[in-house]
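Visitor: Data file input.cif (mmCIF, C-alpha atoms) is appended below.
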```cif
data_run
#
loop_
_atom_site.label_atom_id
_atom_site.label_comp_id
_atom_site.auth_asym_id
_atom_site.auth_seq_id
_atom_site.Cartn_x
_atom_site.Cartn_y
_atom_site.Cartn_z
CA MET A 1052 117.42 35.71 23.70
CA SER A 1053 116.42 35.60 20.05
CA ASN A 1054 113.39 33.67 18.96
CA PRO A 1055 114.38 31.56 15.90
CA ASP A 1056 111.73 29.36 14.35
CA GLY A 1057 111.63 25.61 14.14
CA ARG A 1058 113.46 22.80 15.81
CA TYR A 1059 116.48 24.85 16.88
CA ALA A 1060 114.30 27.12 19.05
CA ASP A 1061 112.64 24.09 20.64
CA ALA A 1062 115.98 22.44 21.30
CA VAL A 1063 117.31 25.57 23.03
CA TYR A 1064 114.13 25.90 25.10
CA PHE A 1065 114.20 22.25 26.15
CA PHE A 1066 117.89 22.51 27.02
CA ILE A 1067 117.11 25.43 29.34
CA ALA A 1068 114.40 23.31 30.98
CA LEU A 1069 116.92 20.49 31.41
CA VAL A 1070 119.41 22.85 33.08
CA ILE A 1071 116.66 24.08 35.39
CA GLY A 1072 115.80 20.48 36.28
CA ILE A 1073 119.45 19.69 37.11
CA ALA A 1074 119.87 22.80 39.26
CA VAL A 1075 116.57 22.39 41.11
CA GLY A 1076 117.19 18.69 41.70
CA VAL A 1077 120.64 19.27 43.20
CA VAL A 1078 119.59 22.26 45.31
CA GLY A 1079 116.37 20.55 46.41
CA GLY A 1080 118.19 17.33 47.22
CA TYR A 1081 120.67 19.05 49.52
CA PHE A 1082 117.84 21.14 51.00
CA HIS A 1083 116.20 17.86 52.02
CA LEU A 1084 119.44 16.36 53.36
CA LEU A 1085 120.23 19.43 55.46
CA ILE A 1086 116.75 19.37 56.98
CA ASP A 1087 117.09 15.68 57.83
CA TRP A 1088 120.50 16.27 59.41
CA LEU A 1089 119.49 19.28 61.50
CA SER A 1090 116.21 17.64 62.54
CA GLN A 1091 118.19 15.29 64.78
CA TRP A 1092 118.84 18.07 67.32
CA PRO A 1093 116.03 16.99 69.71
CA GLN A 1094 117.67 13.56 70.08
CA TRP A 1095 121.02 15.20 70.80
CA LEU A 1096 119.40 17.55 73.31
CA GLY A 1097 117.75 14.57 75.00
CA SER A 1098 121.16 12.99 75.51
CA GLN A 1099 122.40 16.14 77.24
CA LEU A 1100 119.40 17.28 79.31
CA GLN A 1101 116.41 15.68 80.99
CA GLY A 1102 113.10 16.76 82.48
CA ALA A 1103 112.06 20.39 82.70
CA ALA A 1104 115.46 21.67 81.52
CA ARG A 1105 115.13 19.73 78.26
CA ILE A 1106 111.61 21.06 77.66
CA ALA A 1107 112.65 24.65 78.42
CA VAL A 1108 115.71 24.56 76.17
CA GLY A 1109 113.76 22.88 73.37
CA ALA A 1110 111.07 25.55 73.55
CA LEU A 1111 113.66 28.33 73.51
CA VAL A 1112 115.48 26.81 70.51
CA THR A 1113 112.34 26.60 68.37
CA MET A 1114 111.20 30.05 69.50
CA SER A 1115 114.59 31.59 68.65
CA VAL A 1116 114.62 29.99 65.21
CA ALA A 1117 111.06 31.15 64.47
CA VAL A 1118 111.74 34.76 65.52
CA PHE A 1119 115.07 34.87 63.66
CA CYS A 1120 113.57 33.51 60.43
CA VAL A 1121 110.59 35.87 60.57
CA PHE A 1122 112.95 38.81 61.16
CA ILE A 1123 115.12 37.89 58.16
CA VAL A 1124 112.08 37.32 55.94
CA LYS A 1125 110.35 40.57 56.87
CA ARG A 1126 113.57 42.55 56.62
CA PHE A 1127 114.86 41.29 53.27
CA ALA A 1128 112.17 39.34 51.34
CA PRO A 1129 108.61 39.26 52.74
CA GLU A 1130 107.49 37.08 49.84
CA ALA A 1131 109.81 34.30 51.08
CA GLY A 1132 107.54 33.57 54.05
CA GLY A 1133 105.11 30.68 53.95
CA SER A 1134 104.79 28.32 51.03
CA GLY A 1135 105.60 30.42 47.99
CA VAL A 1136 103.23 28.62 45.61
CA GLN A 1137 100.88 31.60 45.58
CA GLU A 1138 103.83 33.88 44.77
CA ILE A 1139 104.64 31.83 41.68
CA GLU A 1140 101.04 31.82 40.54
CA GLY A 1141 100.92 35.59 41.06
CA ALA A 1142 104.15 36.02 39.07
CA MET A 1143 102.73 33.98 36.20
CA GLU A 1144 99.67 36.24 36.24
CA GLY A 1145 101.91 39.32 36.18
CA LYS A 1146 100.78 40.43 39.65
CA ARG A 1147 103.94 39.54 41.60
CA VAL A 1148 107.67 39.77 40.92
CA VAL A 1149 110.09 36.93 41.62
CA ARG A 1150 113.05 38.64 43.26
CA TRP A 1151 115.17 35.55 42.89
CA GLN A 1152 118.38 37.16 44.17
CA ARG A 1153 116.75 37.53 47.59
CA VAL A 1154 114.31 34.65 47.57
CA LEU A 1155 116.86 31.93 46.76
CA PRO A 1156 119.21 32.32 49.74
CA ILE A 1157 116.53 33.30 52.25
CA LYS A 1158 114.11 30.56 51.25
CA PHE A 1159 116.88 27.97 51.33
CA PHE A 1160 118.61 28.78 54.61
CA CYS A 1161 115.60 30.04 56.58
CA GLY A 1162 113.55 27.15 55.18
CA VAL A 1163 116.14 24.64 56.43
CA LEU A 1164 116.15 26.26 59.87
CA SER A 1165 112.40 26.64 60.29
CA ILE A 1166 111.46 23.17 59.05
CA SER A 1167 114.15 21.41 61.08
CA SER A 1168 113.24 23.40 64.21
CA GLY A 1169 110.13 21.27 64.75
CA LEU A 1170 107.55 23.70 63.39
CA VAL A 1171 104.69 21.96 61.57
CA LEU A 1172 105.81 22.75 58.04
CA GLY A 1173 106.69 20.90 54.84
CA ARG A 1174 109.65 21.28 52.51
CA GLU A 1175 107.61 21.14 49.28
CA GLY A 1176 106.46 24.80 49.31
CA PRO A 1177 110.01 26.12 49.69
CA THR A 1178 111.39 23.81 47.00
CA ILE A 1179 108.62 24.92 44.61
CA HIS A 1180 109.53 28.55 45.30
CA ILE A 1181 113.26 27.79 45.06
CA GLY A 1182 112.72 25.98 41.76
CA ALA A 1183 110.79 28.88 40.28
CA ALA A 1184 113.41 31.34 41.57
CA ILE A 1185 116.16 29.35 39.83
CA ALA A 1186 114.09 29.42 36.64
CA ALA A 1187 113.53 33.17 37.03
CA GLY A 1188 117.25 33.78 37.50
CA LEU A 1189 118.15 31.77 34.42
CA SER A 1190 115.41 33.50 32.42
CA ASP A 1191 116.79 36.90 33.40
CA LYS A 1192 120.33 35.95 32.47
CA LEU A 1193 119.26 34.61 29.07
CA ARG A 1194 116.64 37.34 28.50
CA VAL A 1195 113.94 34.94 27.43
CA LEU A 1196 110.61 36.16 26.09
CA VAL A 1197 107.63 36.72 28.42
CA GLN A 1198 105.69 33.61 27.37
CA GLU A 1199 108.82 31.48 27.61
CA ARG A 1200 109.52 32.92 31.05
CA LYS A 1201 106.08 31.84 32.27
CA GLY A 1202 106.64 28.35 30.94
CA LEU A 1203 110.06 28.15 32.60
CA LEU A 1204 108.66 29.44 35.91
CA ALA A 1205 106.13 26.61 35.80
CA ALA A 1206 108.90 24.15 34.90
CA GLY A 1207 110.96 25.30 37.88
CA ALA A 1208 107.97 25.10 40.21
CA GLY A 1209 107.09 21.61 38.98
CA ALA A 1210 110.70 20.51 39.35
CA GLY A 1211 110.67 21.82 42.93
CA LEU A 1212 107.65 19.70 43.81
CA ALA A 1213 109.15 16.70 42.02
CA CYS A 1214 112.35 16.82 44.05
CA ALA A 1215 110.48 17.45 47.32
CA PHE A 1216 108.26 14.38 46.99
CA ASN A 1217 110.12 12.26 44.42
CA ALA A 1218 106.95 12.42 42.32
CA PRO A 1219 107.60 13.62 38.73
CA VAL A 1220 104.24 12.62 37.22
CA ALA A 1221 102.20 14.29 39.97
CA SER A 1222 104.36 17.39 39.58
CA MET A 1223 103.57 17.63 35.88
CA VAL A 1224 99.87 17.23 36.64
CA PHE A 1225 100.19 19.84 39.42
CA VAL A 1226 101.27 22.43 36.87
CA ALA A 1227 98.39 21.52 34.56
CA GLU A 1228 95.67 21.37 37.23
CA GLU A 1229 96.69 23.74 40.03
CA MET A 1230 98.24 26.39 37.74
CA ARG A 1231 95.70 25.99 34.97
CA ARG A 1232 94.71 29.69 35.09
CA GLN A 1233 98.29 30.94 34.86
CA PHE A 1234 100.17 28.35 32.81
CA PRO A 1235 100.52 29.22 29.09
CA PHE A 1236 99.36 25.88 27.69
CA SER A 1237 101.18 24.58 24.64
CA PHE A 1238 102.81 21.27 23.80
CA ARG A 1239 106.20 22.97 23.86
CA ASN A 1240 105.74 24.42 27.34
CA TYR A 1241 104.35 21.21 28.78
CA VAL A 1242 107.24 19.15 27.39
CA ALA A 1243 109.60 21.63 29.07
CA VAL A 1244 107.77 21.11 32.37
CA GLY A 1245 108.05 17.34 31.93
CA ILE A 1246 111.78 17.53 31.21
CA ALA A 1247 112.42 19.69 34.28
CA CYS A 1248 110.35 17.45 36.57
CA VAL A 1249 111.93 14.19 35.42
CA VAL A 1250 115.50 15.52 35.48
CA ALA A 1251 114.97 17.11 38.92
CA THR A 1252 113.73 13.76 40.27
CA VAL A 1253 116.76 11.94 38.82
CA MET A 1254 119.15 14.46 40.39
CA THR A 1255 117.35 14.30 43.74
CA GLU A 1256 117.56 10.50 43.73
CA TRP A 1257 121.25 10.80 42.87
CA VAL A 1258 121.75 13.08 45.88
CA GLY A 1259 119.50 11.35 48.40
CA GLY A 1260 118.64 7.84 47.21
CA VAL A 1261 115.91 6.07 45.24
CA ALA A 1262 112.57 5.23 46.88
CA PRO A 1263 109.01 6.56 47.16
CA ASP A 1264 109.19 9.45 49.60
CA LEU A 1265 106.62 7.95 51.99
CA SER A 1266 106.84 4.28 51.08
CA MET A 1267 103.87 2.41 52.63
CA THR A 1268 102.85 -1.23 52.90
CA LEU A 1269 99.26 -2.49 53.00
CA HIS A 1270 98.54 -5.21 55.54
CA GLY A 1271 95.90 -6.98 53.49
CA GLU A 1272 95.27 -7.71 49.82
CA GLY A 1273 93.78 -4.32 49.12
CA VAL A 1274 90.21 -3.06 49.29
CA SER A 1275 87.29 -5.31 48.38
CA LEU A 1276 84.52 -3.99 46.13
CA PRO A 1277 81.89 -3.71 48.92
CA LEU A 1278 84.33 -1.72 51.08
CA LEU A 1279 84.73 0.89 48.35
CA LEU A 1280 81.43 2.38 49.53
CA ALA A 1281 83.11 3.33 52.82
CA PHE A 1282 85.39 5.75 50.97
CA VAL A 1283 82.41 7.89 49.92
CA PRO A 1284 81.62 9.20 53.45
CA LEU A 1285 85.37 9.44 54.07
CA GLY A 1286 85.66 11.79 51.10
CA VAL A 1287 82.65 13.83 52.24
CA LEU A 1288 84.12 14.19 55.74
CA LEU A 1289 87.48 15.26 54.31
CA GLY A 1290 85.80 17.76 52.01
CA ALA A 1291 84.21 19.50 54.99
CA PHE A 1292 87.42 19.22 57.01
CA GLY A 1293 89.43 20.72 54.15
CA VAL A 1294 87.17 23.78 54.07
CA LEU A 1295 87.64 24.14 57.83
CA LEU A 1296 91.41 23.76 57.47
CA ASN A 1297 91.63 26.46 54.81
CA ARG A 1298 89.61 28.83 56.96
CA GLY A 1299 91.86 27.99 59.88
CA LEU A 1300 94.97 28.81 57.85
CA LEU A 1301 93.54 32.15 56.71
CA GLY A 1302 92.19 32.98 60.16
CA ALA A 1303 95.52 32.22 61.82
CA ALA A 1304 97.30 34.37 59.23
CA GLN A 1305 94.94 37.25 59.98
CA LEU A 1306 95.52 36.83 63.73
CA ALA A 1307 99.28 36.84 63.17
CA THR A 1308 99.02 40.10 61.20
CA LEU A 1309 97.00 41.77 63.96
CA CYS A 1310 99.46 40.55 66.61
CA HIS A 1311 102.44 41.81 64.62
CA ALA A 1312 100.86 45.25 64.26
CA ARG A 1313 100.52 45.56 68.05
CA LEU A 1314 103.47 43.54 69.32
CA PRO A 1315 105.99 42.54 66.60
CA TYR A 1316 107.28 38.96 66.69
CA ALA A 1317 104.99 37.96 69.58
CA PHE A 1318 103.05 35.51 67.42
CA PRO A 1319 106.04 33.54 66.03
CA ALA A 1320 107.64 33.63 69.50
CA GLY A 1321 104.52 32.16 71.10
CA VAL A 1322 104.13 29.52 68.40
CA GLY A 1323 107.80 28.60 68.69
CA LEU A 1324 107.59 28.21 72.46
CA VAL A 1325 104.56 25.93 72.30
CA VAL A 1326 105.83 23.86 69.37
CA GLY A 1327 109.30 23.51 70.91
CA ALA A 1328 107.83 22.29 74.19
CA LEU A 1329 105.57 19.83 72.35
CA LEU A 1330 108.56 18.59 70.39
CA MET A 1331 110.08 17.47 73.69
CA VAL A 1332 106.97 15.94 75.31
CA PHE A 1333 104.60 15.06 72.43
CA PRO A 1334 106.67 14.92 69.21
CA MET A 1335 103.88 13.35 67.12
CA ALA A 1336 101.95 16.62 67.46
CA VAL A 1337 104.59 18.65 65.64
CA THR A 1338 107.12 18.60 62.75
CA GLY A 1339 106.04 18.06 59.14
CA GLY A 1340 104.87 14.57 60.04
CA GLU A 1341 106.56 12.42 57.40
CA HIS A 1342 108.16 10.11 59.96
CA MET A 1343 104.88 9.86 61.85
CA ILE A 1344 103.07 8.75 58.70
CA GLN A 1345 105.55 5.95 58.09
CA ARG A 1346 105.47 4.92 61.75
CA PHE A 1347 101.67 4.66 61.69
CA ASN A 1348 101.94 2.32 58.72
CA PHE A 1349 103.11 -0.36 61.16
CA ASP A 1350 102.05 0.89 64.59
CA SER A 1351 98.72 2.70 64.90
CA PRO A 1352 98.44 4.52 68.25
CA GLY A 1353 94.75 3.76 68.80
CA LEU A 1354 91.51 5.64 68.14
CA LEU A 1355 91.62 8.12 71.05
CA MET A 1356 95.23 9.11 70.35
CA LEU A 1357 94.44 9.58 66.65
CA LEU A 1358 91.52 11.89 67.47
CA LEU A 1359 93.72 13.86 69.87
CA LEU A 1360 96.36 14.20 67.16
CA VAL A 1361 93.77 15.49 64.70
CA VAL A 1362 92.81 18.30 67.08
CA VAL A 1363 96.34 19.20 68.19
CA ARG A 1364 97.92 19.00 64.73
CA PHE A 1365 95.14 21.15 63.29
CA PHE A 1366 96.16 24.02 65.55
CA THR A 1367 99.91 23.47 65.37
CA SER A 1368 99.72 23.29 61.55
CA THR A 1369 97.71 26.47 61.09
CA ALA A 1370 99.73 28.38 63.70
CA SER A 1371 103.11 27.27 62.32
CA TYR A 1372 102.19 28.31 58.79
CA ALA A 1373 100.79 31.64 59.99
CA SER A 1374 103.98 32.43 61.91
CA GLY A 1375 105.52 33.75 58.69
CA VAL A 1376 108.60 31.51 58.44
CA PRO A 1377 109.37 29.75 55.14
CA GLY A 1378 107.58 26.41 55.00
CA GLY A 1379 104.93 24.52 53.07
CA ILE A 1380 101.57 23.01 53.97
CA PHE A 1381 101.56 19.84 51.84
CA ALA A 1382 103.33 17.59 54.37
CA PRO A 1383 101.31 18.83 57.37
CA ILE A 1384 98.11 18.26 55.38
CA LEU A 1385 99.18 14.69 54.58
CA ALA A 1386 100.08 13.97 58.21
CA LEU A 1387 96.79 15.42 59.47
CA ALA A 1388 94.91 13.42 56.85
CA MET A 1389 96.66 10.19 57.86
CA CYS A 1390 95.38 10.67 61.41
CA VAL A 1391 91.84 11.32 60.18
CA GLY A 1392 91.91 8.38 57.77
CA LEU A 1393 93.37 5.94 60.28
CA ALA A 1394 90.73 6.99 62.83
CA CYS A 1395 87.95 6.44 60.30
CA GLY A 1396 89.44 3.12 59.19
CA THR A 1397 89.72 1.98 62.81
CA MET A 1398 86.06 2.81 63.41
CA VAL A 1399 85.04 0.89 60.28
CA GLU A 1400 87.15 -2.04 61.46
CA ILE A 1401 85.39 -1.97 64.85
CA LEU A 1402 81.95 -1.85 63.22
CA PHE A 1403 82.73 -4.57 60.65
CA PRO A 1404 85.39 -6.81 62.26
CA HIS A 1405 85.08 -9.57 59.63
CA ALA A 1406 85.15 -7.35 56.55
CA GLY A 1407 88.93 -7.42 56.14
CA VAL A 1408 89.33 -3.69 56.76
CA ASP A 1409 92.86 -2.27 56.58
CA PRO A 1410 92.88 1.12 58.38
CA VAL A 1411 96.11 2.05 56.57
CA ALA A 1412 94.22 2.04 53.25
CA PHE A 1413 91.85 4.63 54.72
CA GLY A 1414 94.80 6.68 55.92
CA ILE A 1415 96.43 6.67 52.50
CA ALA A 1416 93.16 7.56 50.74
CA ALA A 1417 92.58 10.35 53.27
CA MET A 1418 95.92 11.93 52.35
CA GLY A 1419 94.68 12.44 48.82
CA GLY A 1420 91.23 13.52 49.98
CA LEU A 1421 92.34 16.28 52.35
CA PHE A 1422 94.92 17.54 49.88
CA THR A 1423 92.17 17.73 47.26
CA ALA A 1424 89.74 19.49 49.58
CA SER A 1425 92.33 22.15 50.43
CA VAL A 1426 94.05 22.68 47.07
CA HIS A 1427 91.10 21.73 44.79
CA ALA A 1428 93.25 19.54 42.56
CA PRO A 1429 91.75 16.02 42.65
CA THR A 1430 93.90 14.51 39.90
CA VAL A 1431 97.05 15.72 41.62
CA GLY A 1432 95.79 14.29 44.91
CA ILE A 1433 95.27 10.85 43.39
CA ILE A 1434 98.58 10.64 41.53
CA LEU A 1435 100.68 12.39 44.18
CA VAL A 1436 99.67 10.03 47.00
CA ALA A 1437 100.08 6.97 44.78
CA GLU A 1438 103.60 8.08 43.80
CA LEU A 1439 104.49 9.12 47.35
CA THR A 1440 103.44 5.87 48.97
CA GLY A 1441 103.97 3.39 46.14
CA THR A 1442 100.47 1.96 46.75
CA TYR A 1443 99.19 2.00 43.18
CA GLN A 1444 96.66 -0.73 44.04
CA LEU A 1445 94.72 1.96 45.94
CA LEU A 1446 94.08 4.13 42.88
CA LEU A 1447 90.34 3.35 42.93
CA PRO A 1448 89.80 4.14 46.66
CA LEU A 1449 91.95 7.23 46.18
CA ALA A 1450 89.88 8.37 43.21
CA ILE A 1451 86.59 7.87 45.08
CA THR A 1452 87.87 9.73 48.15
CA CYS A 1453 89.41 12.61 46.21
CA LEU A 1454 86.42 13.17 43.95
CA CYS A 1455 83.94 13.07 46.85
CA ALA A 1456 86.15 15.44 48.86
CA HIS A 1457 86.39 17.85 45.93
CA ILE A 1458 82.64 17.86 45.30
CA CYS A 1459 81.87 18.35 49.00
CA ALA A 1460 84.41 21.17 49.40
CA LYS A 1461 83.03 22.99 46.34
CA TRP A 1462 79.44 22.50 47.55
CA LEU A 1463 80.35 24.01 50.93
CA GLY A 1464 81.82 27.07 49.25
CA GLY A 1465 85.47 26.21 49.81
CA ARG A 1466 88.12 27.91 47.72
CA PRO A 1467 91.57 26.71 46.64
CA ILE A 1468 93.99 27.62 49.41
CA TYR A 1469 96.66 29.09 47.14
CA GLU A 1470 94.13 31.27 45.34
CA ALA A 1471 92.90 32.58 48.69
CA LEU A 1472 96.46 33.15 49.94
CA LEU A 1473 97.36 35.07 46.77
CA GLU A 1474 94.30 37.30 47.13
CA ARG A 1475 95.25 37.97 50.74
CA THR A 1476 98.81 38.88 49.73
CA LEU A 1477 97.60 41.26 47.02
CA GLU A 1478 95.12 42.87 49.42
CA GLN A 1479 97.83 43.40 52.04
CA GLU A 1480 100.07 44.95 49.39
CA ARG A 1481 97.26 47.26 48.30
CA LEU A 1482 96.61 48.37 51.89
CA LYS A 1483 100.33 48.95 52.44
CA VAL A 1484 100.57 51.15 49.35
CA ALA A 1485 97.41 53.03 50.32
CA GLY A 1486 98.79 53.62 53.82
CA ALA A 1487 102.08 54.92 52.46
CA GLN A 1488 100.27 57.30 50.13
CA ALA A 1489 98.04 58.54 52.96
CA GLU A 1490 101.12 59.34 55.09
CA GLN A 1491 102.54 61.44 52.26
#
```
How does the structure come out when it is put into structure tokens?

Guide:
Amino acid sequence: MSNPDGRYADAVYFFIALVIGIAVGVVGGYFHLLIDWLSQWPQWLGSQLQGAARIAVGALVTMSVAVFCVFIVKRFAPEAGGSGVQEIEGAMEGKRVVRWQRVLPIKFFCGVLSISSGLVLGREGPTIHIGAAIAAGLSDKLRVLVQERKGLLAAGAGAGLACAFNAPVASMVFVAEEMRRQFPFSFRNYVAVGIACVVATVMTEWVGGVAPDLSMTLHGEGVSLPLLLAFVPLGVLLGAFGVLLNRGLLGAAQLATLCHARLPYAFPAGVGLVVGALLMVFPMAVTGGEHMIQRFNFDSPGLLMLLLLVVVRFFTSTASYASGVPGGIFAPILALAMCVGLACGTMVEILFPHAGVDPVAFGIAAMGGLFTASVHAPTVGIILVAELTGTYQLLLPLAITCLCAHICAKWLGGRPIYEALLERTLEQERLKVAGAQAEQ
């Protein structure tokens, strides 16, 4: 594409961003609807089978889906496994290539299957990758310049997050904060990102309806000024927990690689069996967790159950992501954080019964805090959770929790999860090339 000066060039560039937003919003909207539709299979299975037969069949279904998706990913597009955010950041740095012809279909269909199977995964990573792949395909067709391509990749990624969570403002901030090292900052590029995010959200709402993605309701009048102090230790706790979670994700990924080298597909098969069985007997311990979050808004399961869920979901989240199927980590992080926050809020309520404590406020603040501790993007954490839940009156507790979590995670030596995942991917690629050269 030629590069004319002035307003005509800007108009063309912004029009491309608008087209990207429309395409990503429609594709992402139907991606979401398909997942919701297929996710009803455990209820159908429960109407057909009972007892041990139901558990066995459920475990076999999730195991089969996990093995099938890993096979397809490894055979045709290894970069389509996992979240995909690190792949986009690597592409914007010039270290990875977006093979959109392969990524688009595999990420879409295998993402729908793996997320709806009950594995502890979110849809936001795949939609970010799908959005960037759509942008890459359009950039190739129009032969845009390198700098414009980077800007459009970011616009597609932001649009993917916007349609996954119905959060256009947080998605724009995500590009600025999370992709700050890769994004070619200019007013023109950032306006293009904004156009894509807003249009993608409009199209997603047209496909699937208008509402905050995880609409929540506080039971009190908010958080009093003295209670704000309680969000400081909450943030510190989440900062430490976020460092542990990131190490768990990387450790599980390393274990999966070692298992695959010795016995291919054993790791995803084992994870699928366990998750599928849990889906039948303890469904709160698995799936992305969005429905659990909304359920806990009105019906908290009690302190001991919350602590059990924290432990179990930690392992199911890290293992599901490490299995190698397409799926994101945002939603599992938010669900895990809700359990931690509700548990902390319940303990504060027990200690100070007359202070007007609302445990749900702690759960909502914790979602932003754990996200921040893992991704190292505090501004995104604050805005994303506020947009997701519609609880803008909690901006101050969210800010306190996210900032304390970020400071604690940095002090403990934690690293942004997507940066660490990208480095791991590049190291594996280097070892693979070195091994191939040694064989020759």

Visitor: At what distance in Å, to one decimal, does CA of Met1343 in chain A lie from CA of Leu1278 in chain A?

Guide: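 One can read the CA of Leu1278 in chain A to CA of Met1343 in chain A distance as 25.9 Å.
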
Visitor: Between A:Gly1321, A:Gly1375, A:Gly1273, A:Gly1176, single out the one closest to Ala1412 in chain A, counting all atoms listed in the file.

Guide: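 Counting all atoms listed in the file, the residue closest to Ala1412 in chain A is A:Gly1273.
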
Visitor: Determine the residue membership of the PyMOL selection byres ((chain A and resi 1275) around 12) for the file above and supply it as a count of residues only.

Guide: 20

Visitor: Evaluated on this file, the PyMOL selection byres ((chain A and resi 1397-1405) around 10) picks out some residues - which ones are they, written as a list in words?

Guide: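 Residues picked by the PyMOL selection byres ((chain A and resi 1397-1405) around 10): Leu1278, Ala1281, Ser1351, Gly1353, Leu1354, Leu1357, Val1391, Gly1392, Leu1393, Ala1394, Cys1395, Gly1396, Ala1406, Gly1407, Val1408, Asp1409, Pro1410, Val1411, Phe1413 and Gly1414 of chain A.
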
Visitor: Would you mind telling me which residue in A:Thr1452, A:Thr1440, A:Thr1178, A:Gln1094 lies nearest to Asn1348 in chain A when using all atoms listed in the file?

Guide: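 Of all the options, A:Thr1440 lies closest to Asn1348 in chain A.
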
Visitor: Could you spell out the hits of the PyMOL selection byres ((chain A and resi 1061) around 12) on the shown file, as an MDAnalysis selection string?

Guide: chainID A and resid 1054:1060 1062:1068 1199 1238:1243

Visitor: What is the CA of Val1363 in chain A to CA of Met1335 in chain A distance in Å?

Guide: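 Those two atoms sit 9.6 Å apart.
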